[in-house]
file target.pdb (PDB, C-alpha atoms)
MODEL        1
ATOM      1  CA  MET A 945     -33.026  74.420  31.821  1.00  0.00           C
ATOM      2  CA  SER A 946     -30.239  73.047  29.662  1.00  0.00           C
ATOM      3  CA  GLU A 947     -30.498  73.556  25.921  1.00  0.00           C
ATOM      4  CA  ASN A 948     -31.243  69.841  25.366  1.00  0.00           C
ATOM      5  CA  GLU A 949     -33.743  69.844  28.283  1.00  0.00           C
ATOM      6  CA  VAL A 950     -31.888  67.070  30.130  1.00  0.00           C
ATOM      7  CA  ALA A 951     -30.881  69.101  33.194  1.00  0.00           C
ATOM      8  CA  VAL A 952     -32.295  71.918  35.300  1.00  0.00           C
ATOM      9  CA  LEU A 953     -30.419  74.306  37.519  1.00  0.00           C
ATOM     10  CA  GLY A 954     -31.577  74.520  41.113  1.00  0.00           C
ATOM     11  CA  SER A 955     -30.661  76.690  44.069  1.00  0.00           C
ATOM     12  CA  MET A 956     -27.000  77.228  44.842  1.00  0.00           C
ATOM     13  CA  GLY A 957     -25.966  75.960  41.387  1.00  0.00           C
ATOM     14  CA  GLU A 958     -27.279  72.422  41.981  1.00  0.00           C
ATOM     15  CA  LEU A 959     -27.792  70.451  38.751  1.00  0.00           C
ATOM     16  CA  PHE A 960     -30.631  67.942  38.500  1.00  0.00           C
ATOM     17  CA  ILE A 961     -31.327  65.433  35.730  1.00  0.00           C
ATOM     18  CA  ARG A 962     -34.747  66.315  34.361  1.00  0.00           C
ATOM     19  CA  GLY A 963     -35.080  64.438  31.095  1.00  0.00           C
ATOM     20  CA  GLY A 964     -33.016  61.877  29.324  1.00  0.00           C
ATOM     21  CA  SER A 965     -34.170  58.338  28.669  1.00  0.00           C
ATOM     22  CA  ASN A 966     -35.889  58.080  32.074  1.00  0.00           C
ATOM     23  CA  SER A 967     -37.621  61.489  32.115  1.00  0.00           C
ATOM     24  CA  ALA A 968     -36.310  61.577  35.651  1.00  0.00           C
ATOM     25  CA  LEU A 969     -38.186  64.449  37.276  1.00  0.00           C
ATOM     26  CA  ASP A 970     -41.441  63.585  35.490  1.00  0.00           C
ATOM     27  CA  GLN A 971     -41.496  60.252  37.336  1.00  0.00           C
ATOM     28  CA  TYR A 972     -42.158  62.017  40.631  1.00  0.00           C
ATOM     29  CA  ALA A 973     -45.457  63.563  39.520  1.00  0.00           C
ATOM     30  CA  ARG A 974     -46.522  60.720  37.244  1.00  0.00           C
ATOM     31  CA  TRP A 975     -46.965  58.137  39.974  1.00  0.00           C
ATOM     32  CA  ASN A 976     -48.970  60.487  42.175  1.00  0.00           C
ATOM     33  CA  GLU A 977     -51.805  60.767  39.663  1.00  0.00           C
ATOM     34  CA  PRO A 978     -54.772  58.519  40.606  1.00  0.00           C
ATOM     35  CA  ASP A 979     -55.117  57.047  37.102  1.00  0.00           C
ATOM     36  CA  HIS A 980     -51.538  55.725  37.320  1.00  0.00           C
ATOM     37  CA  ARG A 981     -51.986  53.769  40.591  1.00  0.00           C
ATOM     38  CA  ALA A 982     -52.515  50.434  38.798  1.00  0.00           C
ATOM     39  CA  GLU A 983     -49.417  51.052  36.670  1.00  0.00           C
ATOM     40  CA  LEU A 984     -47.436  52.013  39.772  1.00  0.00           C
ATOM     41  CA  GLU A 985     -48.421  48.757  41.461  1.00  0.00           C
ATOM     42  CA  ARG A 986     -47.549  46.776  38.327  1.00  0.00           C
ATOM     43  CA  VAL A 987     -44.125  48.438  38.006  1.00  0.00           C
ATOM     44  CA  THR A 988     -43.359  48.056  41.710  1.00  0.00           C
ATOM     45  CA  ASN A 989     -44.353  44.385  41.704  1.00  0.00           C
ATOM     46  CA  ALA A 990     -42.390  43.672  38.524  1.00  0.00           C
ATOM     47  CA  TRP A 991     -39.193  45.209  39.917  1.00  0.00           C
ATOM     48  CA  THR A 992     -39.658  43.517  43.281  1.00  0.00           C
ATOM     49  CA  MET A 993     -40.165  40.117  41.653  1.00  0.00           C
ATOM     50  CA  LEU A 994     -37.175  40.632  39.337  1.00  0.00           C
ATOM     51  CA  ILE A 995     -34.889  41.567  42.239  1.00  0.00           C
ATOM     52  CA  ARG A 996     -36.056  38.683  44.436  1.00  0.00           C
ATOM     53  CA  ASP A 997     -35.671  36.256  41.531  1.00  0.00           C
ATOM     54  CA  ARG A 998     -32.165  37.593  40.875  1.00  0.00           C
ATOM     55  CA  HIS A 999     -31.303  37.080  44.543  1.00  0.00           C
ATOM     56  CA  GLN A1000     -32.548  33.481  44.497  1.00  0.00           C
ATOM     57  CA  ARG A1001     -30.741  32.603  41.251  1.00  0.00           C
ATOM     58  CA  VAL A1002     -27.410  34.033  42.381  1.00  0.00           C
ATOM     59  CA  THR A1003     -27.485  32.614  45.899  1.00  0.00           C
ATOM     60  CA  ARG A1004     -28.294  29.137  44.534  1.00  0.00           C
ATOM     61  CA  LEU A1005     -24.924  29.355  42.788  1.00  0.00           C
ATOM     62  CA  GLY A1006     -23.170  29.991  46.108  1.00  0.00           C
ATOM     63  CA  PRO A1007     -22.101  33.646  46.352  1.00  0.00           C
ATOM     64  CA  ARG A1008     -23.697  36.194  48.618  1.00  0.00           C
ATOM     65  CA  PHE A1009     -25.871  38.644  46.756  1.00  0.00           C
ATOM     66  CA  PHE A1010     -26.660  42.259  47.596  1.00  0.00           C
ATOM     67  CA  GLN A1011     -28.984  44.599  45.723  1.00  0.00           C
ATOM     68  CA  THR A1012     -29.570  48.306  45.931  1.00  0.00           C
ATOM     69  CA  LEU A1013     -31.298  50.930  43.819  1.00  0.00           C
ATOM     70  CA  ILE A1014     -29.672  54.337  43.828  1.00  0.00           C
ATOM     71  CA  PRO A1015     -31.956  57.364  44.165  1.00  0.00           C
ATOM     72  CA  GLU A1016     -31.284  60.552  42.264  1.00  0.00           C
ATOM     73  CA  ASN A1017     -30.002  63.671  43.965  1.00  0.00           C
ATOM     74  CA  SER A1018     -33.460  65.224  43.554  1.00  0.00           C
ATOM     75  CA  SER A1019     -34.717  62.698  46.130  1.00  0.00           C
ATOM     76  CA  LEU A1020     -32.207  63.848  48.729  1.00  0.00           C
ATOM     77  CA  TYR A1021     -32.032  67.552  47.921  1.00  0.00           C
ATOM     78  CA  PRO A1022     -35.588  68.466  46.890  1.00  0.00           C
ATOM     79  CA  HIS A1023     -35.312  71.810  48.702  1.00  0.00           C
ATOM     80  CA  LEU A1024     -32.744  72.849  46.073  1.00  0.00           C
ATOM     81  CA  LEU A1025     -34.977  72.088  43.077  1.00  0.00           C
ATOM     82  CA  PRO A1026     -36.528  74.900  41.015  1.00  0.00           C
ATOM     83  CA  PRO A1027     -39.983  75.945  42.323  1.00  0.00           C
ATOM     84  CA  GLU A1028     -41.952  73.942  39.726  1.00  0.00           C
ATOM     85  CA  TYR A1029     -40.538  70.727  41.237  1.00  0.00           C
ATOM     86  CA  ARG A1030     -41.245  71.501  44.902  1.00  0.00           C
ATOM     87  CA  HIS A1031     -43.807  68.652  44.996  1.00  0.00           C
ATOM     88  CA  ILE A1032     -40.822  66.293  45.258  1.00  0.00           C
ATOM     89  CA  ASP A1033     -40.083  65.330  48.849  1.00  0.00           C
ATOM     90  CA  GLY A1034     -38.219  62.035  48.620  1.00  0.00           C
ATOM     91  CA  PRO A1035     -37.844  59.112  46.242  1.00  0.00           C
ATOM     92  CA  THR A1036     -40.358  58.397  43.498  1.00  0.00           C
ATOM     93  CA  ALA A1037     -43.440  56.435  44.499  1.00  0.00           C
ATOM     94  CA  ALA A1038     -42.053  53.468  42.550  1.00  0.00           C
ATOM     95  CA  LEU A1039     -38.737  53.480  44.425  1.00  0.00           C
ATOM     96  CA  SER A1040     -40.546  53.990  47.730  1.00  0.00           C
ATOM     97  CA  GLY A1041     -42.715  50.954  47.019  1.00  0.00           C
ATOM     98  CA  ILE A1042     -39.776  48.797  45.999  1.00  0.00           C
ATOM     99  CA  ASN A1043     -37.832  49.866  49.104  1.00  0.00           C
ATOM    100  CA  ARG A1044     -40.846  49.144  51.319  1.00  0.00           C
ATOM    101  CA  GLU A1045     -41.339  45.656  49.817  1.00  0.00           C
ATOM    102  CA  LEU A1046     -37.668  44.655  49.823  1.00  0.00           C
ATOM    103  CA  SER A1047     -36.546  46.227  53.091  1.00  0.00           C
ATOM    104  CA  VAL A1048     -37.902  43.143  54.858  1.00  0.00           C
ATOM    105  CA  ASP A1049     -34.952  41.378  53.186  1.00  0.00           C
ATOM    106  CA  ARG A1050     -32.438  43.470  55.149  1.00  0.00           C
ATOM    107  CA  GLY A1051     -29.767  40.798  54.892  1.00  0.00           C
ATOM    108  CA  TRP A1052     -29.282  41.392  51.180  1.00  0.00           C
ATOM    109  CA  TYR A1053     -31.358  44.418  50.128  1.00  0.00           C
ATOM    110  CA  VAL A1054     -29.861  47.839  50.803  1.00  0.00           C
ATOM    111  CA  ASP A1055     -32.323  50.744  50.867  1.00  0.00           C
ATOM    112  CA  ALA A1056     -29.867  53.309  49.520  1.00  0.00           C
ATOM    113  CA  PHE A1057     -32.284  56.218  49.968  1.00  0.00           C
ATOM    114  CA  SER A1058     -32.546  55.545  53.710  1.00  0.00           C
ATOM    115  CA  VAL A1059     -28.788  55.092  53.995  1.00  0.00           C
ATOM    116  CA  LEU A1060     -27.946  58.309  52.169  1.00  0.00           C
ATOM    117  CA  ASP A1061     -30.812  60.324  53.657  1.00  0.00           C
ATOM    118  CA  GLY A1062     -29.972  59.124  57.148  1.00  0.00           C
ATOM    119  CA  ASP A1063     -26.243  59.819  56.945  1.00  0.00           C
ATOM    120  CA  ALA A1064     -25.461  62.167  59.836  1.00  0.00           C
ATOM    121  CA  SER A1065     -22.034  63.294  58.618  1.00  0.00           C
ATOM    122  CA  ASN A1066     -23.406  66.430  56.881  1.00  0.00           C
ATOM    123  CA  ASP A1067     -21.248  65.543  53.901  1.00  0.00           C
ATOM    124  CA  ARG A1068     -22.724  65.984  50.459  1.00  0.00           C
ATOM    125  CA  MET A1069     -23.643  62.710  48.757  1.00  0.00           C
ATOM    126  CA  TRP A1070     -23.543  64.250  45.265  1.00  0.00           C
ATOM    127  CA  PRO A1071     -21.489  67.169  43.993  1.00  0.00           C
ATOM    128  CA  ARG A1072     -23.545  70.227  43.052  1.00  0.00           C
ATOM    129  CA  THR A1073     -22.757  69.897  39.374  1.00  0.00           C
ATOM    130  CA  GLY A1074     -22.485  66.158  38.889  1.00  0.00           C
ATOM    131  CA  SER A1075     -24.585  63.027  38.850  1.00  0.00           C
ATOM    132  CA  HIS A1076     -21.989  60.679  40.384  1.00  0.00           C
ATOM    133  CA  TRP A1077     -21.497  60.351  44.117  1.00  0.00           C
ATOM    134  CA  THR A1078     -18.982  62.172  46.175  1.00  0.00           C
ATOM    135  CA  PRO A1079     -16.581  60.075  48.263  1.00  0.00           C
ATOM    136  CA  ALA A1080     -18.928  60.644  51.221  1.00  0.00           C
ATOM    137  CA  GLY A1081     -21.872  59.150  49.338  1.00  0.00           C
ATOM    138  CA  THR A1082     -19.818  56.173  48.263  1.00  0.00           C
ATOM    139  CA  ARG A1083     -18.554  55.628  51.789  1.00  0.00           C
ATOM    140  CA  ALA A1084     -22.032  55.844  53.350  1.00  0.00           C
ATOM    141  CA  LEU A1085     -23.375  53.060  51.165  1.00  0.00           C
ATOM    142  CA  THR A1086     -20.165  51.009  51.408  1.00  0.00           C
ATOM    143  CA  VAL A1087     -20.287  51.130  55.220  1.00  0.00           C
ATOM    144  CA  ASP A1088     -23.912  49.992  55.224  1.00  0.00           C
ATOM    145  CA  LEU A1089     -23.063  47.101  52.928  1.00  0.00           C
ATOM    146  CA  LEU A1090     -19.966  46.141  54.922  1.00  0.00           C
ATOM    147  CA  GLU A1091     -22.032  46.058  58.141  1.00  0.00           C
ATOM    148  CA  ARG A1092     -23.773  43.042  56.624  1.00  0.00           C
ATOM    149  CA  ILE A1093     -20.500  41.309  55.675  1.00  0.00           C
ATOM    150  CA  ASP A1094     -17.839  42.349  58.182  1.00  0.00           C
ATOM    151  CA  PRO A1095     -18.696  44.910  60.896  1.00  0.00           C
ATOM    152  CA  GLN A1096     -15.001  45.380  61.740  1.00  0.00           C
ATOM    153  CA  ALA A1097     -14.254  46.398  58.148  1.00  0.00           C
ATOM    154  CA  ALA A1098     -17.271  48.738  58.227  1.00  0.00           C
ATOM    155  CA  ALA A1099     -15.883  50.449  61.334  1.00  0.00           C
ATOM    156  CA  GLU A1100     -12.504  50.890  59.646  1.00  0.00           C
ATOM    157  CA  VAL A1101     -13.999  52.357  56.469  1.00  0.00           C
ATOM    158  CA  ARG A1102     -16.210  54.685  58.522  1.00  0.00           C
ATOM    159  CA  GLU A1103     -13.063  56.223  60.072  1.00  0.00           C
ATOM    160  CA  VAL A1104     -11.188  56.873  56.810  1.00  0.00           C
ATOM    161  CA  PRO A1105     -10.789  60.647  56.416  1.00  0.00           C
ATOM    162  CA  LEU A1106     -12.158  62.003  53.153  1.00  0.00           C
ATOM    163  CA  THR A1107     -11.092  64.926  51.048  1.00  0.00           C
ATOM    164  CA  ALA A1108     -12.970  66.577  48.207  1.00  0.00           C
ATOM    165  CA  SER A1109     -11.057  64.500  45.677  1.00  0.00           C
ATOM    166  CA  ALA A1110     -10.513  61.122  47.381  1.00  0.00           C
TER     167      ALA A1110
ENDMDL
END
call {"tool": "encode", "arguments": {"input": "target.pdb", "output": "structure tokens"}}
result
Amino acid sequence: MSENEVAVLGSMGELFIRGGSNSALDQYARWNEPDHRAELERVTNAWTMLIRDRHQRVTRLGPRFFQTLIPENSSLYPHLLPPEYRHIDGPTAALSGINRELSVDRGWYVDAFSVLDGDASNDRMWPRTGSHWTPAGTRALTVDLLERIDPQAAAEVREVPLTASA
């Protein structure tokens, strides 16, 4: 655990955000408690309504609108978390609910967890010691988004060779 209790060190030197303003890792257990089910439903519905409203307002103005919610690395690499967090096996219940509700709007909603979790390239989506994506993570989501706009461009981006720094 970091001195300020914001990060925890997992297997193979993997860093995970634990605390901070979102109490990140606590959100995984919180929503699984039966007395928080009503709150989970309220939060999921509020986010879903906000995102759908945002989509409607922007598209009325003319531009195409796309929305995604980015999961944390703990969602994709739970096997690398310290033992006390082994109950984590994917996104939080709130993100799962939002993804489930909005995935019917495939034309404009991008389920980033499914995109990143389903990427078959075996490239790391996050660096071990950072909270920002690697080029592979950025490319995976960019390709999924481009598939909705211009499949030819998506195919071109998919073929761009990546290095550790670009």
call {"tool": "atom_distance", "arguments": {"input": "target.pdb", "atom1": "CA of Phe1057 (chain A)", "atom2": "CA of Leu1020 (chain A)"}}
result
7.7 Å
call {"tool": "resolve_selection", "arguments": {"input": "target.pdb", "expression": "the PyMOL selection byres ((chain A and resi 1078-1084) around 7)", "output": "VMD selection string"}}
result
chain A and resid 1059 to 1060 1063 1067 to 1071 1076 to 1077 1085 to 1088 1106 1110
call {"tool": "resolve_selection", "arguments": {"input": "target.pdb", "expression": "the PyMOL selection byres ((chain A and resi 989) around 12)", "output": "CSV table (one decimal) with C-alpha atoms, in the coordinates of the input"}}
result
chain,number,residue,atom,x,y,z
A,982,ALA,CA,-52.5,50.4,38.8
A,983,GLU,CA,-49.4,51.1,36.7
A,984,LEU,CA,-47.4,52.0,39.8
A,985,GLU,CA,-48.4,48.8,41.5
A,986,ARG,CA,-47.5,46.8,38.3
A,987,VAL,CA,-44.1,48.4,38.0
A,988,THR,CA,-43.4,48.1,41.7
A,990,ALA,CA,-42.4,43.7,38.5
A,991,TRP,CA,-39.2,45.2,39.9
A,992,THR,CA,-39.7,43.5,43.3
A,993,MET,CA,-40.2,40.1,41.7
A,994,LEU,CA,-37.2,40.6,39.3
A,995,ILE,CA,-34.9,41.6,42.2
A,996,ARG,CA,-36.1,38.7,44.4
A,997,ASP,CA,-35.7,36.3,41.5
A,1038,ALA,CA,-42.1,53.5,42.6
A,1039,LEU,CA,-38.7,53.5,44.4
A,1040,SER,CA,-40.5,54.0,47.7
A,1041,GLY,CA,-42.7,51.0,47.0
A,1042,ILE,CA,-39.8,48.8,46.0
A,1043,ASN,CA,-37.8,49.9,49.1
A,1044,ARG,CA,-40.8,49.1,51.3
A,1045,GLU,CA,-41.3,45.7,49.8
A,1046,LEU,CA,-37.7,44.7,49.8
call {"tool": "closest_residue", "arguments": {"input": "target.pdb", "among": "A:Arg1092, A:Arg1102, A:His980, A:His1023", "to": "Gly954 (chain A)", "atoms": "all atoms listed in the file"}}
result
A:His1023
call {"tool": "resolve_selection", "arguments": {"input": "target.pdb", "expression": "the PyMOL selection byres ((chain A and resi 1015) around 8)", "output": "list in words"}}
result
Leu1013, Ile1014, Glu1016, Asn1017, Ser1019, Leu1020, Pro1035, Leu1039, Ala1056 and Phe1057 of chain A
call {"tool": "write_last_selection", "arguments": {"input": "target.pdb", "atoms": "C-alpha atoms", "output": "PDB file, in the coordinates of the input"}}
result
ATOM      1  CA  LEU A1013     -31.298  50.930  43.819  1.00  0.00           C
ATOM      2  CA  ILE A1014     -29.672  54.337  43.828  1.00  0.00           C
ATOM      3  CA  GLU A1016     -31.284  60.552  42.264  1.00  0.00           C
ATOM      4  CA  ASN A1017     -30.002  63.671  43.965  1.00  0.00           C
ATOM      5  CA  SER A1019     -34.717  62.698  46.130  1.00  0.00           C
ATOM      6  CA  LEU A1020     -32.207  63.848  48.729  1.00  0.00           C
ATOM      7  CA  PRO A1035     -37.844  59.112  46.242  1.00  0.00           C
ATOM      8  CA  LEU A1039     -38.737  53.480  44.425  1.00  0.00           C
ATOM      9  CA  ALA A1056     -29.867  53.309  49.520  1.00  0.00           C
ATOM     10  CA  PHE A1057     -32.284  56.218  49.968  1.00  0.00           C
TER      11      PHE A1057
END
call {"tool": "atom_distance", "arguments": {"input": "target.pdb", "atom1": "CA of Arg962 (chain A)", "atom2": "CA of Glu1028 (chain A)"}}
result
11.8 Å
call {"tool": "atom_distance", "arguments": {"input": "target.pdb", "atom1": "CA of Leu959 (chain A)", "atom2": "CA of Leu1025 (chain A)"}}
result
8.5 Å
call {"tool": "axis_aligned_box", "arguments": {"input": "target.pdb", "around": "region 1038-1054 of chain A", "padding_each_side": "4 Å", "output": "lines of an AutoDock Vina configuration file"}}
result
center_x = -36.0
center_y = 47.4
center_z = 48.8
size_x = 21.4
size_y = 21.2
size_z = 20.6
call {"tool": "build_atoms", "arguments": {"input": "target.pdb", "residues": "region 1001-1016 of chain A", "atoms": "N, CA and C atoms", "output": "JSON list (two decimals), keeping the file's coordinate frame"}}
result
[["chain", "number", "residue", "atom", "x", "y", "z"],
["A", 1001, "ARG", "N", -31.59, 33.25, 42.26],
["A", 1001, "ARG", "CA", -30.74, 32.60, 41.25],
["A", 1001, "ARG", "C", -29.26, 32.70, 41.61],
["A", 1002, "VAL", "N", -28.83, 33.86, 42.06],
["A", 1002, "VAL", "CA", -27.41, 34.03, 42.38],
["A", 1002, "VAL", "C", -27.04, 33.25, 43.63],
["A", 1003, "THR", "N", -27.85, 33.31, 44.66],
["A", 1003, "THR", "CA", -27.48, 32.61, 45.90],
["A", 1003, "THR", "C", -27.51, 31.10, 45.73],
["A", 1004, "ARG", "N", -28.33, 30.58, 44.82],
["A", 1004, "ARG", "CA", -28.29, 29.14, 44.53],
["A", 1004, "ARG", "C", -26.94, 28.71, 43.98],
["A", 1005, "LEU", "N", -26.25, 29.65, 43.34],
["A", 1005, "LEU", "CA", -24.92, 29.36, 42.79],
["A", 1005, "LEU", "C", -23.82, 29.44, 43.84],
["A", 1006, "GLY", "N", -24.15, 29.97, 45.02],
["A", 1006, "GLY", "CA", -23.17, 29.99, 46.11],
["A", 1006, "GLY", "C", -22.75, 31.35, 46.63],
["A", 1007, "PRO", "N", -22.58, 32.37, 45.79],
["A", 1007, "PRO", "CA", -22.10, 33.65, 46.35],
["A", 1007, "PRO", "C", -23.19, 34.39, 47.10],
["A", 1008, "ARG", "N", -22.75, 35.29, 47.97],
["A", 1008, "ARG", "CA", -23.70, 36.19, 48.62],
["A", 1008, "ARG", "C", -24.10, 37.25, 47.60],
["A", 1009, "PHE", "N", -25.31, 37.69, 47.71],
["A", 1009, "PHE", "CA", -25.87, 38.64, 46.76],
["A", 1009, "PHE", "C", -26.43, 39.85, 47.51],
["A", 1010, "PHE", "N", -26.12, 41.03, 47.03],
["A", 1010, "PHE", "CA", -26.66, 42.26, 47.60],
["A", 1010, "PHE", "C", -27.23, 43.09, 46.47],
["A", 1011, "GLN", "N", -28.33, 43.76, 46.73],
["A", 1011, "GLN", "CA", -28.98, 44.60, 45.72],
["A", 1011, "GLN", "C", -29.31, 45.94, 46.33],
["A", 1012, "THR", "N", -29.15, 46.97, 45.54],
["A", 1012, "THR", "CA", -29.57, 48.31, 45.93],
["A", 1012, "THR", "C", -30.05, 49.04, 44.70],
["A", 1013, "LEU", "N", -30.86, 50.03, 44.88],
["A", 1013, "LEU", "CA", -31.30, 50.93, 43.82],
["A", 1013, "LEU", "C", -30.94, 52.34, 44.28],
["A", 1014, "ILE", "N", -30.21, 53.04, 43.45],
["A", 1014, "ILE", "CA", -29.67, 54.34, 43.83],
["A", 1014, "ILE", "C", -30.66, 55.45, 43.48],
["A", 1015, "PRO", "N", -31.06, 56.24, 44.46],
["A", 1015, "PRO", "CA", -31.96, 57.36, 44.16],
["A", 1015, "PRO", "C", -31.19, 58.49, 43.48],
["A", 1016, "GLU", "N", -31.92, 59.38, 42.87],
["A", 1016, "GLU", "CA", -31.28, 60.55, 42.26],
["A", 1016, "GLU", "C", -31.10, 61.64, 43.31]]
